[in-house]
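One structure below.
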Amino acid sequence: MIDMAPSLALLILVGVLVGTGVVLVLERSLSRIVIGASLITYGVNVLLLMSGGRAGAPPILGQSEVSEMADPLPQAMVLTAIVIGLALTAFMLAMAYRSWQLNGNDEVQDDREDRRIALAAMRDTVAERVTDDSGASLDEQAASVFDETEDLPAATDSTRLRAMKRLHHRRGRRGGGAPQ
Amino acid sequence: MIQLLCAYAVTAMLAPTLFGAFGRRAFGMLALVPAATFAWALTQTGAVYAGAYPMQAVSWVPELGLDFVFRFDVLSWVMALIVSGIGALILIYSWGYFGRSAHHLGRFGGVFVAFAGAMFGLVISDNTLIIYLFWELTTVFSYLLIGHYHERQPSRIAAMQAITVTTLGGLAMLAGLIMLGVIPGGSFSVSELVQAAADGSLGQGVPAGLVPSAVVLILLGALTKSAQIPFHFWLPAAMAAPTPVSGYLHAAAMVKAGVYLVARLAPGFASVPLWRPIILVAGLATMIIGGYRALRQHDLKLLLAFGTVSQLGLIMVLVGYGDRAVALAGLAMLCAHAMFKASLFLVVGAIDHEFGTRDLRELSGIGRAMPVFTATATLAVASMAGLPPLLGYVAKEAALEALVHDSQWLVFGIIVLGSVFTVGYSLRFWWGAFASKPGVDPVEAHRLDLRLGLPIGILALAGLAAGLMPGFVDRLLAPYAQALPGPDGHLALWGGFGLPLAATVVVIVGGLGLFVFRTRVARVQGMLTIWSADQAYRKIMLGLNRFSRDVTALIQTGSLPNYLTVILFTMVGSGVLLVILRDLPTMIMPRLWDSPVQAGIVAVACVAAFLVVRSRRRMKAVMITAFIGYGTALLFALQGAPDLALTQALVETVTLVVMVLVLRRLPPYFSNRPFGSDHARRVIVGAVVGTAVALLGWIGVSARVDPPVTVHYPEEVFTFGYGRNIVNVTLVDTRAWDTLGEISVLLAAATGVASLIFIRERVRPKEFRKILQSAVKSAQVWGLQATPAAEAELMVSKFTQPQDPIRPATSSRGRTWLPGAATLAPVRRSLVFEIGARLVFHPLVLFSLYLLFAGHNNPGGGFAGGMLAGIALVIRYLAGGRYDLVLAMRIRPGALLGAGMTLATTAALVPVFFGGTILQTTVFNFTMPIFHEVHLATALFFDIGVYLIVVGLVLDILTSLGSEIDRQAEAEGSSAPEIAYDEAADVVNEEIEVGEDLRSTDEKVAVSDSASTPAGAAEGEAAQ
């Protein structure tokens, strides 16, 4: 059984790196978030490595004694994590750049649709586009229903225009109409 | 049967193409499929009536009892003829009905055929789950058909109502069907289920209420589908569908599905408690209310729709009653209704088609102008009213007769009342459609298109023919009724003098009375405001919307920091919970440090981390971060992880360059806002999370009780992985699956970066030389810089520099050190850097290859090697600009990434062909000159794949975040502003906030939509 006693110095470093990383990740500027993610990555990598036990000799056969070696498994995990960290950084930077290009800033904004919902909840309103119902009665609805049965030269906008005219004509004759 | 279903499916998919090629004639082709179904059903008549029901079965998921089982018995035969016959006729009718310019006929035709196919599948299925499948298919297709004119609100509302109501019932039905499928004696086969229910073996030993509750659930499905009270409102609204669809929906499909299911189950389940009360109450109420509301409609289509509601109530009562004679009458009524209602809807469609209106107040004189048309339609109306000698009369007489026989006076009385309404609205329909009305201009005579007239005529005459041959119809339908208890019933035109005949006379006289006094009836109806299920539905939907809006507003705030805080606290909370719920392990006291050097690095790194948080300049933060990164590399080396140290150092270098490449385009300061109270909150969260992670790390290390899995790694690595570097062998052999996943992530990330940055096509290799020449001529790369000082410098340099750009020292063969560097703006060139880059580039590439090949036994490997090669490219790019990068690496990053992935997966798969497992390593030993003995492990090829992907990743990042951003910057001629944007945005934001309160919500939405992007951003800020 290898010596599992952790190094207090490394524990502190993990805490500091993760903590500062979290502070930055909670920011709205994407470049700060990228940097924060990097700090968290460092911290977690150190944590992973530390979980393998005390420092040891490089895990290379023939160069060091097996009993002296550091645990190689966390090392393998951290190695791929490092490279993936680069990919993540690059991707987020690309996002930051694109955001800057499009919006003139690299800030992560609140979702506008969610804001709108919150506002609607505060005012207790339901927009008509949500219910998609003008409240027209069945008769009013029926009056606006017609099929495309006419032979018009071509299916163009004029078709709809004439159909609409026909509709209005009908409504007018009935002396009432659906509020539209 | 399966072949026919496939024909429906294929035709439905081909329909848009057919309509594209043949126009409306395609309706005629589509009609062939239901027509073929009709013909096939006729050929099966002999077999069906001999009791040899055609059957087909295809296993699907036998474990769930989910199998395609088709059984063609008498009820299926009747329904299939109705579904396919009317389907074919309506398709032909549609051919003449729709105008040449009608939109989306391809979609319409396809969905219609699919709808007909789903209905056909429904009536021939013997498996309850497959019935449910087709049931919901008819729901979906009817949704699409009702919403055909989806740009109109009434169509959308109607389609939504139909699908909401019927799916609600459908889901309940599914639950009921599953309950009946899994209880003792239950089955997913309908025939077995009905048999079991009939002989009492269903649900033995289960609680008494189980089968009735399953039945209630199933009936809920049937009642919603067949538009019974209180779910009837969707059917009248569904008149928003094109008229042919309405005809099919009301007469043969969709609403008939509910009735069919009741008819199918009645032989076994009519005696189950709750069945009969539900059927009778819902059916009779539906019959009365439907008829009552039909009496006052002005729109002929709406009148018919309420008529259908009423008729469905009657049919539901009759087929669900559970008596042989009543069921016979019910099935006859179902057939009669199919024929007259289909033909009447088509009549209304024809009137709409010819005269442009369905309003009975505007129609006059059609009877005089078009006598043949009117006579045909009159047959259908008479059948609806139940007048002799039509099938409607025969069926109603049989029903009354059987009820009298059964002494069900209440039911009898209500049906008579409902029939009075039926006669009343039938007369109103006939008068409204055909009569001459004073004060309304009579219409001119039209010659009806044969495609419109023929289906109407066939359906109306079929009702007459069936009415004239009641004995024949009796023989066809009676076998179904045999399954039910009770005395035999009879279909006849003349049932002798008796109560039913008297009732018929009462019905006709009452109906006439309703019609004659229609104005007074309407006045009375107008005074009685009846409770409307439609309004209740709307209230419920509104309530649901409110509820979902409130829940969404509560938990979906739309703020990324909030979400992250929740996630982080969940992580910490679950860790704390684990510690609380389980006993803490004996904590191993940590030592202070492994070595004083480690402590020193940690101290510096910690200070640096705090500086990063405090930093307000981007570049400063990046530099300090890189410093910490190199620090961790040192820690890795101290910890005994040379591979990690190497990779971390290389990656850190690339990361630093990449960050600088991007951030040079962004403003130097993160933001000009001061740290506010939000910052304090963030610091608290950070402190909590950081402490928690460190403590959990400590606890985790202390909790370790088993030896690590890696104790056997040293021997295994050498024996099976043929390498000495344990970490590398772990990556390419022991845990190579992980690595495969990780390089896939790299591939995806690289692609993501490129697609975020490249908004135009990349330059083709062929064109590159030409572009390079022109770029050398202009020498503008990196020439633009926004800072006034740099610009001034550039201007000065333009005048002071000779027109011919300085060429760097050339070799003896006349080649430049870095050919691409000639494209750089003169002020941006550094001779020393160019020469240095030229000198180190090849050694670096060579050394990266050494790391790759040596990695199996020494520190190195694909990741480190690839990263070093990437750094070589970075140097070329920095020294020579983007053109030199292309010259250094003529292969596109995508090709590299693809080649790497291909190589890695091939190397992973090859061992399989030699009898090994995926990713197994084998070694080839051979002697080569110079190298002497060579051990070539196949894992090396996997590692080469990793190497290529890493090089590809770096190259991809360089071309995207380096070259392309350069190009865009030069094209735009602008650079980062000195300050962040938010001052201007705050102003706009305030304007919005002030204006908002004065406007209504809808207007506010419009404002935010039209507001410019910074305003939107500011709005987001305001949410904090």
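Residue numbers start at 1 in each chain; chains themselves are named A, B, ... in the order of the structure tokens; ligands are numbered from 1 in the order shown.
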Per-residue DSSP, stretch 198-405 of chain B, filtered to helix (DSSP H, G or I), as JSON, numbers by chain: {"B": [198, 199, 210, 211, 212, 213, 214, 215, 216, 217, 218, 219, 220, 221, 222, 223, 224, 225, 234, 235, 236, 237, 238, 239, 240, 243, 244, 245, 246, 247, 248, 249, 250, 251, 255, 256, 257, 258, 259, 260, 261, 262, 263, 264, 265, 266, 267, 268, 269, 275, 276, 277, 278, 279, 280, 281, 282, 283, 284, 285, 286, 287, 288, 289, 290, 291, 292, 293, 294, 300, 301, 302, 303, 304, 305, 306, 307, 308, 309, 310, 311, 312, 313, 314, 315, 316, 317, 318, 319, 320, 324, 325, 326, 327, 328, 329, 330, 331, 332, 333, 334, 335, 336, 337, 338, 339, 340, 341, 342, 343, 344, 345, 346, 347, 348, 349, 350, 351, 352, 353, 354, 355, 366, 367, 368, 369, 371, 372, 373, 374, 375, 376, 377, 378, 379, 380, 381, 382, 383, 384, 385, 391, 392, 393, 394, 395, 396, 397, 398, 399, 400, 401, 402, 403, 404, 405]}
If the cut-off is 6 Å, can you tell me the residues of chain A near chain B, counting only C-alpha atoms? I'd like them as a PDB file with N, CA, C and O atoms, in the first residue's frame.
ATOM      1  N   MET A   1       0.853  -1.195   0.000  1.00  0.00           N
ATOM      2  CA  MET A   1       0.000   0.000   0.000  1.00  0.00           C
ATOM      3  C   MET A   1       0.884   1.238   0.000  1.00  0.00           C
ATOM      4  O   MET A   1       1.742   1.401   0.868  1.00  0.00           O
ATOM      5  N   ALA A   5      -0.706   9.835   2.255  1.00  0.00           N
ATOM      6  CA  ALA A   5      -0.777  11.145   2.909  1.00  0.00           C
ATOM      7  C   ALA A   5      -0.589  12.251   1.885  1.00  0.00           C
ATOM      8  O   ALA A   5       0.406  12.299   1.179  1.00  0.00           O
ATOM      9  N   PRO A   6      -1.608  13.139   1.751  1.00  0.00           N
ATOM     10  CA  PRO A   6      -1.500  14.189   0.734  1.00  0.00           C
ATOM     11  C   PRO A   6      -0.599  15.303   1.215  1.00  0.00           C
ATOM     12  O   PRO A   6      -0.381  15.479   2.407  1.00  0.00           O
ATOM     13  N   SER A   7      -0.111  16.040   0.249  1.00  0.00           N
ATOM     14  CA  SER A   7       0.696  17.208   0.593  1.00  0.00           C
ATOM     15  C   SER A   7      -0.228  18.381   0.851  1.00  0.00           C
ATOM     16  O   SER A   7      -1.082  18.701   0.019  1.00  0.00           O
ATOM     17  N   LEU A   8      -0.087  18.990   2.009  1.00  0.00           N
ATOM     18  CA  LEU A   8      -0.962  20.112   2.362  1.00  0.00           C
ATOM     19  C   LEU A   8      -0.809  21.239   1.348  1.00  0.00           C
ATOM     20  O   LEU A   8      -1.780  21.884   0.950  1.00  0.00           O
ATOM     21  N   ALA A   9       0.406  21.431   0.881  1.00  0.00           N
ATOM     22  CA  ALA A   9       0.652  22.492  -0.089  1.00  0.00           C
ATOM     23  C   ALA A   9      -0.206  22.274  -1.340  1.00  0.00           C
ATOM     24  O   ALA A   9      -0.855  23.201  -1.843  1.00  0.00           O
ATOM     25  N   LEU A  11      -2.940  20.501  -1.579  1.00  0.00           N
ATOM     26  CA  LEU A  11      -4.365  20.655  -1.242  1.00  0.00           C
ATOM     27  C   LEU A  11      -4.757  22.129  -1.287  1.00  0.00           C
ATOM     28  O   LEU A  11      -5.798  22.491  -1.841  1.00  0.00           O
ATOM     29  N   LEU A  13      -3.265  24.461  -2.936  1.00  0.00           N
ATOM     30  CA  LEU A  13      -3.217  24.924  -4.322  1.00  0.00           C
ATOM     31  C   LEU A  13      -4.507  24.548  -5.064  1.00  0.00           C
ATOM     32  O   LEU A  13      -5.084  25.357  -5.797  1.00  0.00           O
ATOM     33  N   VAL A  14      -4.963  23.294  -4.832  1.00  0.00           N
ATOM     34  CA  VAL A  14      -6.203  22.858  -5.477  1.00  0.00           C
ATOM     35  C   VAL A  14      -7.343  23.783  -5.079  1.00  0.00           C
ATOM     36  O   VAL A  14      -8.100  24.274  -5.929  1.00  0.00           O
ATOM     37  N   GLY A  15      -7.456  24.022  -3.770  1.00  0.00           N
ATOM     38  CA  GLY A  15      -8.537  24.880  -3.302  1.00  0.00           C
ATOM     39  C   GLY A  15      -8.465  26.261  -3.919  1.00  0.00           C
ATOM     40  O   GLY A  15      -9.467  26.785  -4.402  1.00  0.00           O
ATOM     41  N   VAL A  18      -9.191  26.130  -7.843  1.00  0.00           N
ATOM     42  CA  VAL A  18     -10.613  25.895  -8.138  1.00  0.00           C
ATOM     43  C   VAL A  18     -11.440  27.101  -7.703  1.00  0.00           C
ATOM     44  O   VAL A  18     -12.310  27.577  -8.434  1.00  0.00           O
ATOM     45  N   GLY A  19     -11.140  27.626  -6.519  1.00  0.00           N
ATOM     46  CA  GLY A  19     -11.904  28.771  -6.023  1.00  0.00           C
ATOM     47  C   GLY A  19     -11.783  29.974  -6.925  1.00  0.00           C
ATOM     48  O   GLY A  19     -12.788  30.547  -7.351  1.00  0.00           O
ATOM     49  N   VAL A  22     -13.569  29.403 -10.144  1.00  0.00           N
ATOM     50  CA  VAL A  22     -15.024  29.533 -10.041  1.00  0.00           C
ATOM     51  C   VAL A  22     -15.423  31.008 -10.057  1.00  0.00           C
ATOM     52  O   VAL A  22     -16.375  31.403 -10.737  1.00  0.00           O
ATOM     53  N   VAL A  23     -14.677  31.830  -9.327  1.00  0.00           N
ATOM     54  CA  VAL A  23     -14.992  33.265  -9.316  1.00  0.00           C
ATOM     55  C   VAL A  23     -14.999  33.798 -10.741  1.00  0.00           C
ATOM     56  O   VAL A  23     -15.915  34.525 -11.150  1.00  0.00           O
ATOM     57  N   LEU A  26     -17.897  32.512 -13.006  1.00  0.00           N
ATOM     58  CA  LEU A  26     -19.201  33.115 -12.734  1.00  0.00           C
ATOM     59  C   LEU A  26     -19.325  34.507 -13.335  1.00  0.00           C
ATOM     60  O   LEU A  26     -20.376  35.133 -13.251  1.00  0.00           O
ATOM     61  N   SER A  51      -4.375  12.391  -6.059  1.00  0.00           N
ATOM     62  CA  SER A  51      -5.158  11.234  -5.603  1.00  0.00           C
ATOM     63  C   SER A  51      -4.385   9.941  -5.828  1.00  0.00           C
ATOM     64  O   SER A  51      -4.738   8.909  -5.283  1.00  0.00           O
ATOM     65  N   ALA A  55       4.437  11.769  -4.152  1.00  0.00           N
ATOM     66  CA  ALA A  55       5.310  11.916  -5.305  1.00  0.00           C
ATOM     67  C   ALA A  55       6.196  10.680  -5.421  1.00  0.00           C
ATOM     68  O   ALA A  55       6.495  10.015  -4.436  1.00  0.00           O
ATOM     69  N   GLY A  56       6.587  10.371  -6.650  1.00  0.00           N
ATOM     70  CA  GLY A  56       7.402   9.179  -6.828  1.00  0.00           C
ATOM     71  C   GLY A  56       8.323   9.338  -8.006  1.00  0.00           C
ATOM     72  O   GLY A  56       8.462  10.429  -8.568  1.00  0.00           O
ATOM     73  N   ALA A  57       8.912   8.214  -8.389  1.00  0.00           N
ATOM     74  CA  ALA A  57       9.798   8.232  -9.542  1.00  0.00           C
ATOM     75  C   ALA A  57       8.966   8.108 -10.808  1.00  0.00           C
ATOM     76  O   ALA A  57       7.847   7.622 -10.757  1.00  0.00           O
ATOM     77  N   PRO A  58       9.480   8.563 -11.947  1.00  0.00           N
ATOM     78  CA  PRO A  58       8.727   8.448 -13.210  1.00  0.00           C
ATOM     79  C   PRO A  58       8.348   6.993 -13.483  1.00  0.00           C
ATOM     80  O   PRO A  58       9.183   6.098 -13.306  1.00  0.00           O
ATOM     81  N   PRO A  59       7.134   6.724 -13.890  1.00  0.00           N
ATOM     82  CA  PRO A  59       6.708   5.335 -14.117  1.00  0.00           C
ATOM     83  C   PRO A  59       7.220   4.808 -15.453  1.00  0.00           C
ATOM     84  O   PRO A  59       6.451   4.561 -16.373  1.00  0.00           O
ATOM     85  N   ILE A  60       8.514   4.703 -15.539  1.00  0.00           N
ATOM     86  CA  ILE A  60       9.102   4.155 -16.760  1.00  0.00           C
ATOM     87  C   ILE A  60       9.958   2.968 -16.364  1.00  0.00           C
ATOM     88  O   ILE A  60      10.883   3.089 -15.542  1.00  0.00           O
ATOM     89  N   LEU A  61       9.633   1.806 -16.924  1.00  0.00           N
ATOM     90  CA  LEU A  61      10.355   0.585 -16.553  1.00  0.00           C
ATOM     91  C   LEU A  61      11.807   0.715 -16.983  1.00  0.00           C
ATOM     92  O   LEU A  61      12.106   1.256 -18.045  1.00  0.00           O
ATOM     93  N   ALA A  70       5.518   6.556  -9.167  1.00  0.00           N
ATOM     94  CA  ALA A  70       4.246   7.221  -8.905  1.00  0.00           C
ATOM     95  C   ALA A  70       3.142   6.462  -9.660  1.00  0.00           C
ATOM     96  O   ALA A  70       3.435   5.772 -10.648  1.00  0.00           O
ATOM     97  N   PRO A  72       0.712   5.533 -12.219  1.00  0.00           N
ATOM     98  CA  PRO A  72       0.628   6.028 -13.607  1.00  0.00           C
ATOM     99  C   PRO A  72      -0.799   6.316 -14.088  1.00  0.00           C
ATOM    100  O   PRO A  72      -0.983   7.073 -15.036  1.00  0.00           O
ATOM    101  N   ALA A  76      -2.069   9.231 -16.726  1.00  0.00           N
ATOM    102  CA  ALA A  76      -2.641   9.045 -18.062  1.00  0.00           C
ATOM    103  C   ALA A  76      -3.912   9.869 -18.203  1.00  0.00           C
ATOM    104  O   ALA A  76      -4.169  10.492 -19.239  1.00  0.00           O
ATOM    105  N   LEU A  79      -3.069  13.525 -18.539  1.00  0.00           N
ATOM    106  CA  LEU A  79      -2.438  13.855 -19.815  1.00  0.00           C
ATOM    107  C   LEU A  79      -3.497  14.195 -20.873  1.00  0.00           C
ATOM    108  O   LEU A  79      -3.423  15.221 -21.556  1.00  0.00           O
ATOM    109  N   ALA A  87      -8.180  22.198 -26.252  1.00  0.00           N
ATOM    110  CA  ALA A  87      -9.284  22.218 -27.220  1.00  0.00           C
ATOM    111  C   ALA A  87     -10.435  23.067 -26.687  1.00  0.00           C
ATOM    112  O   ALA A  87     -11.017  23.879 -27.411  1.00  0.00           O
ATOM    113  N   PHE A  91     -11.915  26.502 -28.265  1.00  0.00           N
ATOM    114  CA  PHE A  91     -13.322  26.586 -28.670  1.00  0.00           C
ATOM    115  C   PHE A  91     -13.993  27.795 -28.021  1.00  0.00           C
ATOM    116  O   PHE A  91     -14.715  28.554 -28.677  1.00  0.00           O
ATOM    117  N   ALA A  94     -12.857  30.937 -29.560  1.00  0.00           N
ATOM    118  CA  ALA A  94     -13.512  31.153 -30.849  1.00  0.00           C
ATOM    119  C   ALA A  94     -14.905  31.725 -30.626  1.00  0.00           C
ATOM    120  O   ALA A  94     -15.354  32.632 -31.335  1.00  0.00           O
ATOM    121  N   GLN A 109     -24.910  36.891 -22.302  1.00  0.00           N
ATOM    122  CA  GLN A 109     -26.100  37.621 -21.867  1.00  0.00           C
ATOM    123  C   GLN A 109     -27.168  36.678 -21.345  1.00  0.00           C
ATOM    124  O   GLN A 109     -27.189  35.510 -21.674  1.00  0.00           O
ATOM    125  N   ASP A 110     -28.046  37.254 -20.550  1.00  0.00           N
ATOM    126  CA  ASP A 110     -29.205  36.483 -20.117  1.00  0.00           C
ATOM    127  C   ASP A 110     -30.062  36.180 -21.332  1.00  0.00           C
ATOM    128  O   ASP A 110     -30.147  36.983 -22.267  1.00  0.00           O
ATOM    129  N   ASP A 111     -30.673  35.034 -21.304  1.00  0.00           N
ATOM    130  CA  ASP A 111     -31.532  34.652 -22.411  1.00  0.00           C
ATOM    131  C   ASP A 111     -32.712  35.610 -22.476  1.00  0.00           C
ATOM    132  O   ASP A 111     -33.432  35.793 -21.503  1.00  0.00           O
ATOM    133  N   ASP A 114     -36.176  34.131 -21.883  1.00  0.00           N
ATOM    134  CA  ASP A 114     -36.445  33.835 -20.474  1.00  0.00           C
ATOM    135  C   ASP A 114     -36.823  35.097 -19.714  1.00  0.00           C
ATOM    136  O   ASP A 114     -37.690  35.081 -18.841  1.00  0.00           O
ATOM    137  N   ILE A 117     -40.318  35.889 -20.396  1.00  0.00           N
ATOM    138  CA  ILE A 117     -41.234  35.029 -19.635  1.00  0.00           C
ATOM    139  C   ILE A 117     -41.352  35.530 -18.203  1.00  0.00           C
ATOM    140  O   ILE A 117     -42.445  35.622 -17.637  1.00  0.00           O
ATOM    141  N   ALA A 118     -40.205  35.898 -17.616  1.00  0.00           N
ATOM    142  CA  ALA A 118     -40.224  36.383 -16.237  1.00  0.00           C
ATOM    143  C   ALA A 118     -41.075  37.641 -16.133  1.00  0.00           C
ATOM    144  O   ALA A 118     -41.863  37.810 -15.195  1.00  0.00           O
ATOM    145  N   ALA A 121     -44.664  36.731 -16.305  1.00  0.00           N
ATOM    146  CA  ALA A 121     -45.124  36.132 -15.052  1.00  0.00           C
ATOM    147  C   ALA A 121     -45.352  37.213 -14.004  1.00  0.00           C
ATOM    148  O   ALA A 121     -46.306  37.154 -13.225  1.00  0.00           O
ATOM    149  N   GLN A 141     -65.185  31.910 -36.366  1.00  0.00           N
ATOM    150  CA  GLN A 141     -64.137  31.097 -36.987  1.00  0.00           C
ATOM    151  C   GLN A 141     -64.630  30.489 -38.287  1.00  0.00           C
ATOM    152  O   GLN A 141     -63.940  30.501 -39.297  1.00  0.00           O
ATOM    153  N   VAL A 145     -63.415  30.501 -42.718  1.00  0.00           N
ATOM    154  CA  VAL A 145     -62.879  29.272 -43.301  1.00  0.00           C
ATOM    155  C   VAL A 145     -63.333  29.154 -44.748  1.00  0.00           C
ATOM    156  O   VAL A 145     -64.526  29.241 -45.034  1.00  0.00           O
ATOM    157  N   ASP A 147     -61.978  27.208 -48.670  1.00  0.00           N
ATOM    158  CA  ASP A 147     -60.997  26.347 -49.326  1.00  0.00           C
ATOM    159  C   ASP A 147     -60.524  26.987 -50.616  1.00  0.00           C
ATOM    160  O   ASP A 147     -61.211  27.823 -51.201  1.00  0.00           O
ATOM    161  N   GLU A 148     -59.354  26.561 -51.041  1.00  0.00           N
ATOM    162  CA  GLU A 148     -58.796  27.111 -52.287  1.00  0.00           C
ATOM    163  C   GLU A 148     -59.365  26.331 -53.472  1.00  0.00           C
ATOM    164  O   GLU A 148     -58.738  25.409 -53.991  1.00  0.00           O
ATOM    165  N   THR A 149     -60.578  26.676 -53.841  1.00  0.00           N
ATOM    166  CA  THR A 149     -61.234  25.905 -54.900  1.00  0.00           C
ATOM    167  C   THR A 149     -61.210  26.612 -56.239  1.00  0.00           C
ATOM    168  O   THR A 149     -61.695  26.072 -57.215  1.00  0.00           O
ATOM    169  N   GLU A 150     -60.700  27.820 -56.261  1.00  0.00           N
ATOM    170  CA  GLU A 150     -60.778  28.554 -57.516  1.00  0.00           C
ATOM    171  C   GLU A 150     -59.608  28.263 -58.427  1.00  0.00           C
ATOM    172  O   GLU A 150     -58.494  28.049 -57.964  1.00  0.00           O
ATOM    173  N   ASP A 151     -59.890  28.294 -59.725  1.00  0.00           N
ATOM    174  CA  ASP A 151     -58.835  28.101 -60.712  1.00  0.00           C
ATOM    175  C   ASP A 151     -58.235  29.448 -61.035  1.00  0.00           C
ATOM    176  O   ASP A 151     -58.780  30.219 -61.820  1.00  0.00           O
ATOM    177  N   LEU A 152     -57.137  29.734 -60.410  1.00  0.00           N
ATOM    178  CA  LEU A 152     -56.472  31.002 -60.712  1.00  0.00           C
ATOM    179  C   LEU A 152     -55.247  30.686 -61.541  1.00  0.00           C
ATOM    180  O   LEU A 152     -54.704  29.593 -61.470  1.00  0.00           O
ATOM    181  N   ALA A 154     -52.060  31.314 -61.607  1.00  0.00           N
ATOM    182  CA  ALA A 154     -50.860  30.742 -61.001  1.00  0.00           C
ATOM    183  C   ALA A 154     -50.930  30.949 -59.504  1.00  0.00           C
ATOM    184  O   ALA A 154     -51.567  31.871 -59.014  1.00  0.00           O
ATOM    185  N   ALA A 155     -50.266  30.055 -58.822  1.00  0.00           N
ATOM    186  CA  ALA A 155     -50.276  30.164 -57.363  1.00  0.00           C
ATOM    187  C   ALA A 155     -49.318  31.254 -56.937  1.00  0.00           C
ATOM    188  O   ALA A 155     -48.161  31.022 -56.657  1.00  0.00           O
TER     189      ALA A 155
END
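In this comparison, which uses only C-alpha atoms, the residue of B:Asp67, B:Gly498, B:Gly721, B:Val832 approaching B:Gln920 most closely is B:Gly721.
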Atom CA of B:Phe913 to atom CA of B:Trp737, straight-line distance in Å: 18.1 Å
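Atom pair atom CA of B:Val347 / atom CA of B:Leu300 has a distance of 9.8 Å (rounded to one decimal).
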Write out as a PDB file with C-alpha atoms, in the first residue's frame each polymer residue whose atoms come within 7 Å of B:Leu896, counting only C-alpha atoms; drop sequence neighbours fewer than 3 positions from it.
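Contents of selection-v1.pdb, freshly written:
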ATOM      1  CA  ILE B 891      -2.109  19.948 -45.855  1.00  0.00           C
ATOM      2  CA  ARG B 892      -5.378  21.313 -44.586  1.00  0.00           C
ATOM      3  CA  PRO B 893      -6.123  20.782 -40.885  1.00  0.00           C
ATOM      4  CA  ALA B 899      -6.233  11.084 -41.464  1.00  0.00           C
ATOM      5  CA  GLY B 900      -5.358  10.846 -37.778  1.00  0.00           C
ATOM      6  CA  LEU B 948      -1.740  13.638 -36.419  1.00  0.00           C
ATOM      7  CA  ILE B 949      -4.889  14.711 -34.621  1.00  0.00           C
ATOM      8  CA  GLY B 952      -4.302  18.941 -36.892  1.00  0.00           C
TER       9      GLY B 952
END
